[in-house]
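Visitor: Structure provided below as structure tokens; questions to follow.
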Amino acid sequence: MKEYGSIIKGTLEKFRPDFQMKNPVMFVTEIAFIISIFVMFFPSYFDAPSTGVYVSFYLAVAILLFLTLLFSNLSTTLSEEQSKSISASLKKMKTDTNANRVTDHGKETVPSDQLKSGDMVIVSAGEVIPGDGEVVSGSGYVNESNVTGESRPIRKLQGDSVTGSTILQTDELVIRITANPGETYIDKMIEIVEAAVREKTPNEIALSTLLSGLTLIFLMVTASIFALSNFLGFTSNLDILIVLLIALIPTTIGGLMPAIGIAAVNKISQFNVISKSGRAVENAGDVDTIILDKTGTVTMGDREAIRFYPNSGVQETEFMRYSALASLQDNTMEGMSIVKLAREKGVEVSVSDLAGFEFLPFSADTRFSGIKGKDTYIYKGALSTMLKNHKLSDTFIVALCKEISLRGGTALPVVKDGKFVGVIELNDTLKPGIKQRLDLLKKMNIKTIMCTGDDEVTASYFSNLSGIDEYVANSTPVDKFNVVISEKAKQRMVAMVGDGTNDAPALAKADVGMAMNKGTAPAKDAANMIDLDSDPTKLMDVIFIGKQILITRGALTTFSIANDVSKYFVIIPAMFYFIPALGALNILGLENPLTAITSALIFNTIIIPLMVPMAIRGVKYRPSSIAELFRRNILIYGLGGIIVPFLAIKVIYVLLSILGVGW
Amino acid sequence: MSYDPLGISSLSGYGNSFWQVNRVASGVVIILIYLAIVIIFGVIISGFISKIYRDQDNWLTPISGRIVSFFEKIIGEGSERQMKFREYFLTLLFFNAAAGVISFIFIFYQRDFPFAFANNHMTASLTFNTVSSFLTNTNLQHYSNPFDLSYLSQTFVITGLMFLSAGTGFAASMAFIRGILQDKGTIGNFYHDFLVSIFYLILPLTLLVTVILILSGIPETTLSYISVQPVFSSIAYKVPLGSVATLEAIKNIGTNGGGFYGANAAFPFENPNWFTNITEFTSFLLIPLGSIIALGKVFSNRRFMVMLVSVLMIFFVFTAFLTFYGEITGIPSLSTLGVIYNGNMVGKETAIGIAGSSIFSIGATITSTGASNAMLAAYSPAGLLGNLVNLLINDPVGGIGTGVLNIFTSVIFTVFIASLMVGKLPELMSIKIGSKEIKYSTLSLITHPLLIIIPLGVTLMIPSIMASFTNPKPDAITELLYEFATSASNNGSEVGGFLTNQVYFNVLDGIIMILGRYVIMGFQLKIADLFSNKKPKVEIGKSIDTGSFYFGLMLLGVMILVGLLSFFPILALGPILSWAKAFEQSIWMVIR
């Protein structure tokens, strides 16, 4: 119930003229509402007729104008409530605790909110990390679930960044604090979410200029009708002029614009991404180039066995069994993936099979691993090592290894008792769904550039496989920065993801720089967005949201302006019903002028709440080519914006007539 | 066929061939021929104009280039010294203001200069109006030519301002295009642009058209007048003469519109036959339409140009046929009185006819020329509405140079909304459009309607001013709306119907013309300034395709909704009411 209370309070508060002043369209509406109240009570003072039907008409106009303001305020308040609840949940994350600060004299206990940047603190297992910082020494598992929602503890080593209010579960860490009180990461997030309520993006500024300009014209046109009718020798009803004005000015977009802006940042927040400014979200919608890392973004990042190639004269199951046996005690990701793949293919191996064998783990010196029995052995290792160690030559195996490496994979030949039994192909794998996402980006005319430290062959293999447009192989963080610079020199909007300190310059230079929450503090500082879940593919979601916000604004503006056509054709002939010559303009054939005018105002009023869900959720955005999207939206919101109100006003008019509300 | 018991239609030389009998069909064909001719000549000159816009040499360079550099040497200015927006615009303003002041002094004291008659005189307010009118390329004439002006004023001041205003307009469009094409923060040198406009484009074309007009019988003489004594008249009339052909040429080439004679192109010495009619029509559309067609080559974007020309042609065709429809139907209620009625020939020259007059007046209002070969005051309400629509959208094809500026303003406005609808930030010619560009484009788009609506509302409230309107009230509204619309759009065509030469209208119209010209031009050049600081993006794929059908549709929608429909209430009580009135006798009695 408390929530309803604050919604009602927020909505009513916005009737204050100083609030409305920021939004010229609604400010004009408010003044019109005030005048309509005066007309209602003192019609004779405004030379307005005061017979029975007119009195109820004035009442209706006043109520409808009030509702227009109310709906606009309500939509803004609803968005604000949403961001309030987001910031409230952020505040909940913030846990005040005591910290053990290391000083020259030893340790001292201070409240966490007194820690300054540069302070050293010791955190023991089970304690809350008192502030944002960097691990100076020690290592341990940190539970970050209250910030990221990820319940699996993350291992933090020296140099890793930690977030305040997360919990150290094991061991002990010495942390150097990197944020002053009130400037911690969570503080910033709260500030951003709350600030979103006030800040206007350049795009919003442009749109409100445009809407104010239109409002000014309509204001003057309406005022000129006074002079016109005066000249023609009749008095025009002020209340009807007010209705005309309100119907013409773009109240739909004007009323919903603040809500759309706030909804933007909220939406991003719901994705567990914190954007430092609304502008970054808009820029995201306009991105031309995305710079992606290969590992972790395009591919899973772990090399896995993907196929077994037995040598000639060796059965496949036999070879798989040898490979699995050699890897059974190998705890590396590669070893485990070989056993897993073999088991998937129906090979049954267990530790008991290894009785009498000794496991030789991989070492940098020997460069192979495997098992060794009394008079038998199975080794796997790089081709060059195997050829040299065992003085073997096998053209088939050599050719096979070459072919595998050509498609970016790693060939792992297996030798049993001085003979090649086959080759295991190891390769990185694409993240599920990444190809479809990259296809969508391509459809949206966004260029993708993959930066990878891998060699040319691997880079080209994966960019072909996933549909990446360009790649930079053997890249260093400096290369990433250079790619950003060269794309920016082409005036393109660049987005990138980074987590390391050496990504920071590139992140700062990019228009949309998204840092991973697990990344280092400099990276997070340089970025304008932070992904709490540390999922680099989320950049694409952010782009979709950015686009959706722009589309929502554009669609509602078009709709709002297009609506005016019908209103001219309803209100003008109704206004001058006593000039039969203008009857030709009454294309809807609405006979009762006052009811017609009321119907137009009713449409104008109810369209706002009807559009609120769209404003807050955003226009449904199906990624498609720009031309297709443009065609669809111009037909729906442009042409629809012309036709729909005609139909709706007619329907409202008929309904009013049925209800007997003929003034 | 209309009721024709006396067989007048066959007697009056209409003949009996299909085209002679079906006057609607022949009128449609005539209008289409005019449109086709103007497009053909627009395309022919567009290559030449695009070279000027891109600062490239062309076949006139050997001659004109020398003249331009000769003048540049004298004034010590040249294209090497590039100006930023502020300097460029201030130079333009100062140059125009200086010309205005000098012209004002000259005309106001013209009797003290040689070659003047005693009756050559203008009041201060009329002088102000006349100077602002010719300075701003409007050529609205509140005086009755030529007795108010001395021969010297006519030859030097008026003709001089006609060249100056045309050159200024074209220079502004050169600066605007340079702002888009370049990214050095400068938009050119005004003096250079002005000289180039005059010596490469306006003067050569004026000479060419002068020759054509002389050959087709328009006077070009040093005689001051001839005496004519009509057969049935006892007195001889003096018909003034002079360099009519030259004035006619610059009047049309420079989209000026103010003629040698008060009756403008309706006077036989200005426009004697169908050939001169079509020549003059083509010459005032030549540069405005040619400049827009040139944009295709300038920006290497043919689709964009085709889209622009198509949108403009929709306005052209629509307004031309609306006016033609209005004139060929005339006053329908007259037919019920049993009168043979073959369209509204009142105030039209028989040598030119209804179709030739309709398309001519539409051509003159769709550009900022405002020349007329028929009396607009005698047009039917629908016929006048066609012209008025063009004025209210601020002359869609525009004046010389200003057409390019105006269409870009609307395009920027449209691109903004269109880009939002596809989830992109707006860009034009691969240049990002920021919030400031939107601000100035909005400002320049709303200035025009405000300059019309506010004076209209105010004037209607002053009974003493409205007393000089003699026509029925809806017609008076139309006339007043037309007066301010023609001033604000710097068009200059006039309906009249009231005492135009009074201090109130002289001063008010003068101010509207000046604001309509320089304020809007200032906003537009400011946009060029903002563009001049931005580098174009190397495109990956197309952003909004400004050459697409749907973009054209949207541009059309924006121009109609923002430009035209905001006048809907006024139109309803003015021309639409008069039009409807023409069908219904009863309303005459109600609103009188």
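Going by the structure tokens order, chains are called A, B, ..., each with residues numbered from 1, while ligands are numbered from 1 in the order shown.
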For segment 310-327 of chain B, list every protein, DNA or RNA residue within 7 Å, evaluated using only C-alpha atoms, and leave out those in the same chain fewer than 2 positions away; present the list as a ChimeraX atom specification.

Guide: /B:306-308,329-330,343-344,354-355,358-359,362,366,379-384,386-387,396-397,552,556

Visitor: Take the residues from that selection and write them out as a PDB file, in the first residue's frame, keeping N, CA and C atoms.

Guide:
```
ATOM      1  N   VAL B 306      16.484  12.435 -56.900  1.00  0.00           N
ATOM      2  CA  VAL B 306      15.229  12.008 -57.541  1.00  0.00           C
ATOM      3  C   VAL B 306      14.087  12.101 -56.535  1.00  0.00           C
ATOM      4  N   MET B 307      14.389  11.703 -55.276  1.00  0.00           N
ATOM      5  CA  MET B 307      13.364  11.780 -54.233  1.00  0.00           C
ATOM      6  C   MET B 307      12.934  13.240 -54.037  1.00  0.00           C
ATOM      7  N   LEU B 308      13.918  14.141 -53.926  1.00  0.00           N
ATOM      8  CA  LEU B 308      13.581  15.557 -53.704  1.00  0.00           C
ATOM      9  C   LEU B 308      12.732  16.101 -54.851  1.00  0.00           C
ATOM     10  N   THR B 329     -13.213  25.745 -63.863  1.00  0.00           N
ATOM     11  CA  THR B 329     -14.584  25.672 -63.352  1.00  0.00           C
ATOM     12  C   THR B 329     -15.108  27.077 -63.048  1.00  0.00           C
ATOM     13  N   GLY B 330     -14.215  27.936 -62.618  1.00  0.00           N
ATOM     14  CA  GLY B 330     -14.616  29.298 -62.307  1.00  0.00           C
ATOM     15  C   GLY B 330     -15.617  29.361 -61.178  1.00  0.00           C
ATOM     16  N   GLY B 343     -15.024  28.800 -68.202  1.00  0.00           N
ATOM     17  CA  GLY B 343     -13.879  29.020 -67.339  1.00  0.00           C
ATOM     18  C   GLY B 343     -13.697  30.488 -67.048  1.00  0.00           C
ATOM     19  N   ASN B 344     -12.848  30.729 -66.057  1.00  0.00           N
ATOM     20  CA  ASN B 344     -12.663  32.079 -65.563  1.00  0.00           C
ATOM     21  C   ASN B 344     -11.593  32.802 -66.369  1.00  0.00           C
ATOM     22  N   ILE B 354      -6.246  29.965 -70.019  1.00  0.00           N
ATOM     23  CA  ILE B 354      -6.382  29.506 -68.643  1.00  0.00           C
ATOM     24  C   ILE B 354      -5.224  28.600 -68.224  1.00  0.00           C
ATOM     25  N   ALA B 355      -4.908  27.589 -69.049  1.00  0.00           N
ATOM     26  CA  ALA B 355      -3.849  26.647 -68.669  1.00  0.00           C
ATOM     27  C   ALA B 355      -2.515  27.373 -68.573  1.00  0.00           C
ATOM     28  N   SER B 358      -2.538  29.487 -65.433  1.00  0.00           N
ATOM     29  CA  SER B 358      -2.508  28.708 -64.185  1.00  0.00           C
ATOM     30  C   SER B 358      -1.106  28.193 -63.914  1.00  0.00           C
ATOM     31  N   ILE B 359      -0.509  27.551 -64.911  1.00  0.00           N
ATOM     32  CA  ILE B 359       0.803  26.951 -64.681  1.00  0.00           C
ATOM     33  C   ILE B 359       1.843  28.034 -64.449  1.00  0.00           C
ATOM     34  N   ILE B 362       1.492  29.245 -60.857  1.00  0.00           N
ATOM     35  CA  ILE B 362       1.969  28.221 -59.920  1.00  0.00           C
ATOM     36  C   ILE B 362       3.494  28.140 -59.957  1.00  0.00           C
ATOM     37  N   ILE B 366       5.612  28.571 -56.706  1.00  0.00           N
ATOM     38  CA  ILE B 366       6.351  27.418 -56.166  1.00  0.00           C
ATOM     39  C   ILE B 366       7.829  27.794 -56.084  1.00  0.00           C
ATOM     40  N   TYR B 379      -8.701  35.549 -59.725  1.00  0.00           N
ATOM     41  CA  TYR B 379      -8.704  34.080 -59.701  1.00  0.00           C
ATOM     42  C   TYR B 379      -9.872  33.591 -58.850  1.00  0.00           C
ATOM     43  N   SER B 380     -10.344  32.412 -59.182  1.00  0.00           N
ATOM     44  CA  SER B 380     -11.379  31.790 -58.364  1.00  0.00           C
ATOM     45  C   SER B 380     -10.745  31.360 -57.037  1.00  0.00           C
ATOM     46  N   PRO B 381     -11.580  31.144 -55.996  1.00  0.00           N
ATOM     47  CA  PRO B 381     -10.994  30.757 -54.703  1.00  0.00           C
ATOM     48  C   PRO B 381     -10.092  29.533 -54.817  1.00  0.00           C
ATOM     49  N   ALA B 382     -10.507  28.512 -55.557  1.00  0.00           N
ATOM     50  CA  ALA B 382      -9.685  27.305 -55.673  1.00  0.00           C
ATOM     51  C   ALA B 382      -8.403  27.613 -56.426  1.00  0.00           C
ATOM     52  N   GLY B 383      -8.525  28.470 -57.443  1.00  0.00           N
ATOM     53  CA  GLY B 383      -7.345  28.829 -58.219  1.00  0.00           C
ATOM     54  C   GLY B 383      -6.336  29.564 -57.361  1.00  0.00           C
ATOM     55  N   LEU B 384      -6.847  30.432 -56.505  1.00  0.00           N
ATOM     56  CA  LEU B 384      -5.972  31.183 -55.622  1.00  0.00           C
ATOM     57  C   LEU B 384      -5.374  30.265 -54.553  1.00  0.00           C
ATOM     58  N   GLY B 386      -4.462  27.234 -54.802  1.00  0.00           N
ATOM     59  CA  GLY B 386      -3.274  26.547 -55.325  1.00  0.00           C
ATOM     60  C   GLY B 386      -2.022  27.378 -55.121  1.00  0.00           C
ATOM     61  N   ASN B 387      -2.133  28.664 -55.427  1.00  0.00           N
ATOM     62  CA  ASN B 387      -0.983  29.550 -55.249  1.00  0.00           C
ATOM     63  C   ASN B 387      -0.651  29.737 -53.777  1.00  0.00           C
ATOM     64  N   PRO B 396       7.964  25.779 -52.142  1.00  0.00           N
ATOM     65  CA  PRO B 396       8.697  24.509 -52.097  1.00  0.00           C
ATOM     66  C   PRO B 396       9.966  24.464 -52.958  1.00  0.00           C
ATOM     67  N   VAL B 397       9.880  24.872 -54.220  1.00  0.00           N
ATOM     68  CA  VAL B 397      11.095  24.822 -55.043  1.00  0.00           C
ATOM     69  C   VAL B 397      12.025  25.982 -54.672  1.00  0.00           C
ATOM     70  N   GLY B 552      10.644   9.729 -48.998  1.00  0.00           N
ATOM     71  CA  GLY B 552       9.974  10.790 -49.755  1.00  0.00           C
ATOM     72  C   GLY B 552       8.563  11.014 -49.229  1.00  0.00           C
ATOM     73  N   LEU B 556       7.215  14.431 -47.593  1.00  0.00           N
ATOM     74  CA  LEU B 556       5.973  15.038 -48.078  1.00  0.00           C
ATOM     75  C   LEU B 556       5.027  15.274 -46.907  1.00  0.00           C
TER      76      LEU B 556
END
```

Visitor: Could you name the residues that touch Ile290 of chain A at 12 Å or less, counting only C-alpha atoms, but leaving out those on the same chain fewer than 4 positions away, as a count of residues only?

Guide: 43

Visitor: Produce a table with one row for each residue of chain B that has an atom at most 7 Å from any atom of chain A, each row naming the nearest atom pair and its distance in Å at one decimal; use only C-alpha atoms; arrange rows by chain and rising residue number; format as JSON lines.

Guide:
```
{"residue": "B:Ile417", "atom": "CA", "partner": "A:Gly554", "partner_atom": "CA", "distance": 5.4}
{"residue": "B:Ala418", "atom": "CA", "partner": "A:Gly554", "partner_atom": "CA", "distance": 6.9}
{"residue": "B:Leu420", "atom": "CA", "partner": "A:Gly554", "partner_atom": "CA", "distance": 4.5}
{"residue": "B:Met421", "atom": "CA", "partner": "A:Ile551", "partner_atom": "CA", "distance": 4.3}
{"residue": "B:Val422", "atom": "CA", "partner": "A:Ile551", "partner_atom": "CA", "distance": 5.6}
{"residue": "B:Gly423", "atom": "CA", "partner": "A:Lys547", "partner_atom": "CA", "distance": 4.1}
{"residue": "B:Lys424", "atom": "CA", "partner": "A:Asp286", "partner_atom": "CA", "distance": 4.8}
{"residue": "B:Leu425", "atom": "CA", "partner": "A:Asp286", "partner_atom": "CA", "distance": 5.7}
{"residue": "B:Ser435", "atom": "CA", "partner": "A:Ala206", "partner_atom": "CA", "distance": 4.4}
{"residue": "B:Ile438", "atom": "CA", "partner": "A:Ala206", "partner_atom": "CA", "distance": 5.8}
{"residue": "B:Lys439", "atom": "CA", "partner": "A:Thr209", "partner_atom": "CA", "distance": 5.9}
{"residue": "B:Thr442", "atom": "CA", "partner": "A:Leu210", "partner_atom": "CA", "distance": 5.7}
{"residue": "B:Leu443", "atom": "CA", "partner": "A:Gly213", "partner_atom": "CA", "distance": 7.0}
{"residue": "B:Ile446", "atom": "CA", "partner": "A:Gly213", "partner_atom": "CA", "distance": 6.4}
{"residue": "B:Leu450", "atom": "CA", "partner": "A:Ile217", "partner_atom": "CA", "distance": 6.5}
{"residue": "B:Ile453", "atom": "CA", "partner": "A:Val221", "partner_atom": "CA", "distance": 6.4}
{"residue": "B:Ile454", "atom": "CA", "partner": "A:Met220", "partner_atom": "CA", "distance": 6.8}
{"residue": "B:Gly457", "atom": "CA", "partner": "A:Ser224", "partner_atom": "CA", "distance": 4.7}
{"residue": "B:Leu460", "atom": "CA", "partner": "A:Ala227", "partner_atom": "CA", "distance": 5.7}
{"residue": "B:Met461", "atom": "CA", "partner": "A:Ala227", "partner_atom": "CA", "distance": 5.8}
{"residue": "B:Lys473", "atom": "CA", "partner": "A:Leu232", "partner_atom": "CA", "distance": 6.3}
{"residue": "B:Lys535", "atom": "CA", "partner": "A:Gln491", "partner_atom": "CA", "distance": 6.8}
{"residue": "B:Pro536", "atom": "CA", "partner": "A:Gln491", "partner_atom": "CA", "distance": 6.5}
{"residue": "B:Lys537", "atom": "CA", "partner": "A:Gln491", "partner_atom": "CA", "distance": 4.4}
{"residue": "B:Val538", "atom": "CA", "partner": "A:Lys490", "partner_atom": "CA", "distance": 5.1}
{"residue": "B:Ile540", "atom": "CA", "partner": "A:Asn445", "partner_atom": "CA", "distance": 6.6}
{"residue": "B:Gly541", "atom": "CA", "partner": "A:Asn445", "partner_atom": "CA", "distance": 5.3}
{"residue": "B:Ser543", "atom": "CA", "partner": "A:Ile626", "partner_atom": "CA", "distance": 6.8}
{"residue": "B:Ile544", "atom": "CA", "partner": "A:Ile626", "partner_atom": "CA", "distance": 6.6}
{"residue": "B:Tyr550", "atom": "CA", "partner": "A:Arg631", "partner_atom": "CA", "distance": 6.3}
{"residue": "B:Ser566", "atom": "CA", "partner": "A:Phe218", "partner_atom": "CA", "distance": 6.7}
{"residue": "B:Phe567", "atom": "CA", "partner": "A:Val221", "partner_atom": "CA", "distance": 7.0}
{"residue": "B:Pro569", "atom": "CA", "partner": "A:Ile572", "partner_atom": "CA", "distance": 6.5}
{"residue": "B:Leu577", "atom": "CA", "partner": "A:Leu582", "partner_atom": "CA", "distance": 6.4}
{"residue": "B:Ala580", "atom": "CA", "partner": "A:Ala581", "partner_atom": "CA", "distance": 5.3}
{"residue": "B:Lys581", "atom": "CA", "partner": "A:Ala581", "partner_atom": "CA", "distance": 6.2}
{"residue": "B:Ile587", "atom": "CA", "partner": "A:Ala581", "partner_atom": "CA", "distance": 6.8}
{"residue": "B:Ile591", "atom": "CA", "partner": "A:Leu232", "partner_atom": "CA", "distance": 6.8}
```

Visitor: Would you mind telling me which residue in A:Asp503, A:Asn180, A:Val457, A:Pro310 lies nearest to Phe420 of chain A when using only C-alpha atoms?

Guide: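 Of all the options, A:Pro310 lies closest to Phe420 of chain A.
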
Visitor: Just the number, please: distance in Å from atom CA of Val136 of chain A to atom CA of Asp531 of chain A, one decimal.

Guide: 23.8 Å

Visitor: Could you give me, as a CSV table (one decimal) with C-alpha atoms, in the first residue's frame, the residues within 8 Å of Leu525 of chain B, counting only C-alpha atoms and dropping anything in the same chain fewer than 4 positions from it?

Guide:
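File written: out.csv
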```csv
chain,number,residue,atom,x,y,z
B,85,PHE,CA,29.7,31.2,-40.3
B,89,PHE,CA,26.8,35.8,-42.4
B,172,ALA,CA,24.1,31.3,-49.4
B,175,ALA,CA,28.1,28.2,-48.5
B,176,PHE,CA,25.5,25.7,-47.2
B,521,MET,CA,18.9,32.3,-43.9
B,529,ASP,CA,28.4,26.0,-39.8
```

Visitor: Just want the 9 Å neighbourhood of Asn373 of chain B, counted on only C-alpha atoms, with same-chain residues fewer than 6 positions away dropped. Output as a ChimeraX atom specification.

Guide: /B:263-267,271,277,348-349,352,356-357,360-361

Visitor: As a count of residues only, please: the residues near segment 30-42 of chain A (cut-off 6 Å, only C-alpha atoms, same-chain neighbours under 5 positions excluded).

Guide: 3

Visitor: Taking the DSSP assignment computed from this structure's backbone, write out as a list in words all residues of segment 225-261 of chain B that belong to alpha helix (DSSP H).

Guide: Val244, Ala245, Thr246, Leu247, Glu248, Ala249, Ile250, Lys251, Asn252 and Ile253 of chain B

Visitor: For the residues in the current selection, export C-alpha atoms as an mmCIF file, in the first residue's frame.

Guide:
```cif
data_model
loop_
_atom_site.group_PDB
_atom_site.id
_atom_site.type_symbol
_atom_site.label_atom_id
_atom_site.label_comp_id
_atom_site.auth_asym_id
_atom_site.auth_seq_id
_atom_site.Cartn_x
_atom_site.Cartn_y
_atom_site.Cartn_z
ATOM 1 C CA VAL B 244 12.095 45.837 -70.852
ATOM 2 C CA ALA B 245 13.758 42.666 -72.146
ATOM 3 C CA THR B 246 16.735 42.979 -69.786
ATOM 4 C CA LEU B 247 14.559 43.641 -66.790
ATOM 5 C CA GLU B 248 12.302 40.775 -67.797
ATOM 6 C CA ALA B 249 15.294 38.452 -68.031
ATOM 7 C CA ILE B 250 16.766 39.236 -64.608
ATOM 8 C CA LYS B 251 13.283 39.357 -63.140
ATOM 9 C CA ASN B 252 12.793 35.737 -64.063
ATOM 10 C CA ILE B 253 16.307 34.289 -63.948
#
```

Visitor: Excluding Ser117 of chain A and any residue of its chain fewer than 6 positions from it, enumerate the residues within 6 Å of it, using only C-alpha atoms, and give them as a PyMOL selection string.

Guide: chain A and resi 177-180

Visitor: Let me see the file: selected residues, C-alpha atoms, as a PDB file, in the first residue's frame.

Guide:
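Saved the output as selection23.pdb:
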```
ATOM      1  CA  ILE A 177      40.886   0.337  -1.245  1.00  0.00           C
ATOM      2  CA  THR A 178      40.417   2.223  -4.520  1.00  0.00           C
ATOM      3  CA  ALA A 179      37.331   4.305  -3.785  1.00  0.00           C
ATOM      4  CA  ASN A 180      36.647   7.132  -1.369  1.00  0.00           C
TER       5      ASN A 180
END
```

Visitor: Between atom CA of Val142 of chain A and atom CA of Glu304 of chain A, what is the spacing in Å?

Guide: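 Going from atom CA of Glu304 of chain A over to atom CA of Val142 of chain A covers 27.7 Å.
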
Visitor: So the first atom is atom CA of Ile186 of chain A and the second is atom CA of Lys267 of chain A; what is the distance between them in Å, to one decimal place?

Guide: 17.8 Å

Visitor: For segment 194-205 of chain B, please output as a ChimeraX atom specification all residues within 8 Å (counting only C-alpha atoms; exclusion window: fewer than 4 positions along the same chain).

Guide: /B:49,52,60-61,64-65,67-68,71,163,166-168,170-171,190,209,250,253-254

Visitor: Print the selection's residues with C-alpha atoms to a file, as a compact mmCIF listing (two decimals), in the first residue's frame.

Guide:
```txt
# COMPACT_ATOMS: atom_id res chain seq x y z
CA ILE B 49 25.43 24.26 -61.40
CA ILE B 52 29.85 25.69 -59.38
CA LEU B 60 32.81 29.65 -68.48
CA THR B 61 35.94 29.72 -66.32
CA SER B 64 34.07 34.51 -65.85
CA GLY B 65 37.04 33.34 -63.83
CA ILE B 67 36.24 38.75 -64.23
CA VAL B 68 35.82 37.28 -60.77
CA PHE B 71 37.04 42.09 -58.89
CA PHE B 163 21.06 41.00 -59.30
CA ALA B 166 19.75 36.71 -56.58
CA GLY B 167 23.52 36.62 -56.07
CA THR B 168 23.14 36.69 -52.29
CA PHE B 170 22.84 31.65 -54.55
CA ALA B 171 25.95 32.46 -52.52
CA PHE B 190 31.01 35.55 -49.29
CA VAL B 209 17.32 35.17 -71.93
CA ILE B 250 16.77 39.24 -64.61
CA ILE B 253 16.31 34.29 -63.95
CA GLY B 254 16.83 35.80 -60.49
```

Visitor: Between B:Ser430, B:Leu561, B:Ser468, B:Pro474, which one has atoms that come closest to Thr546 of chain B, using only C-alpha atoms?

Guide: B:Ser430

Visitor: Let's see if you can do this: from backbone DSSP, list all strand (DSSP E) residues in segment 193-239 of chain B, as a list of chain:residue names.

Guide: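 The strand (DSSP E) subset of segment 193-239 of chain B is B:Tyr225, B:Ile226, B:Ser227, B:Val228, B:Tyr237, B:Lys238, B:Val239.
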
Visitor: Deliver the residues from the most recent selection as a file, using C-alpha atoms, as a JSON list (two decimals), in the first residue's frame.

Guide:
```
[["chain", "number", "residue", "atom", "x", "y", "z"],
["B", 225, "TYR", "CA", 7.70, 55.89, -74.21],
["B", 226, "ILE", "CA", 5.51, 55.49, -77.23],
["B", 227, "SER", "CA", 2.16, 57.06, -77.83],
["B", 228, "VAL", "CA", -0.75, 54.85, -78.67],
["B", 237, "TYR", "CA", -1.96, 56.97, -74.21],
["B", 238, "LYS", "CA", 1.70, 57.06, -73.35],
["B", 239, "VAL", "CA", 3.10, 53.59, -72.87]]
```
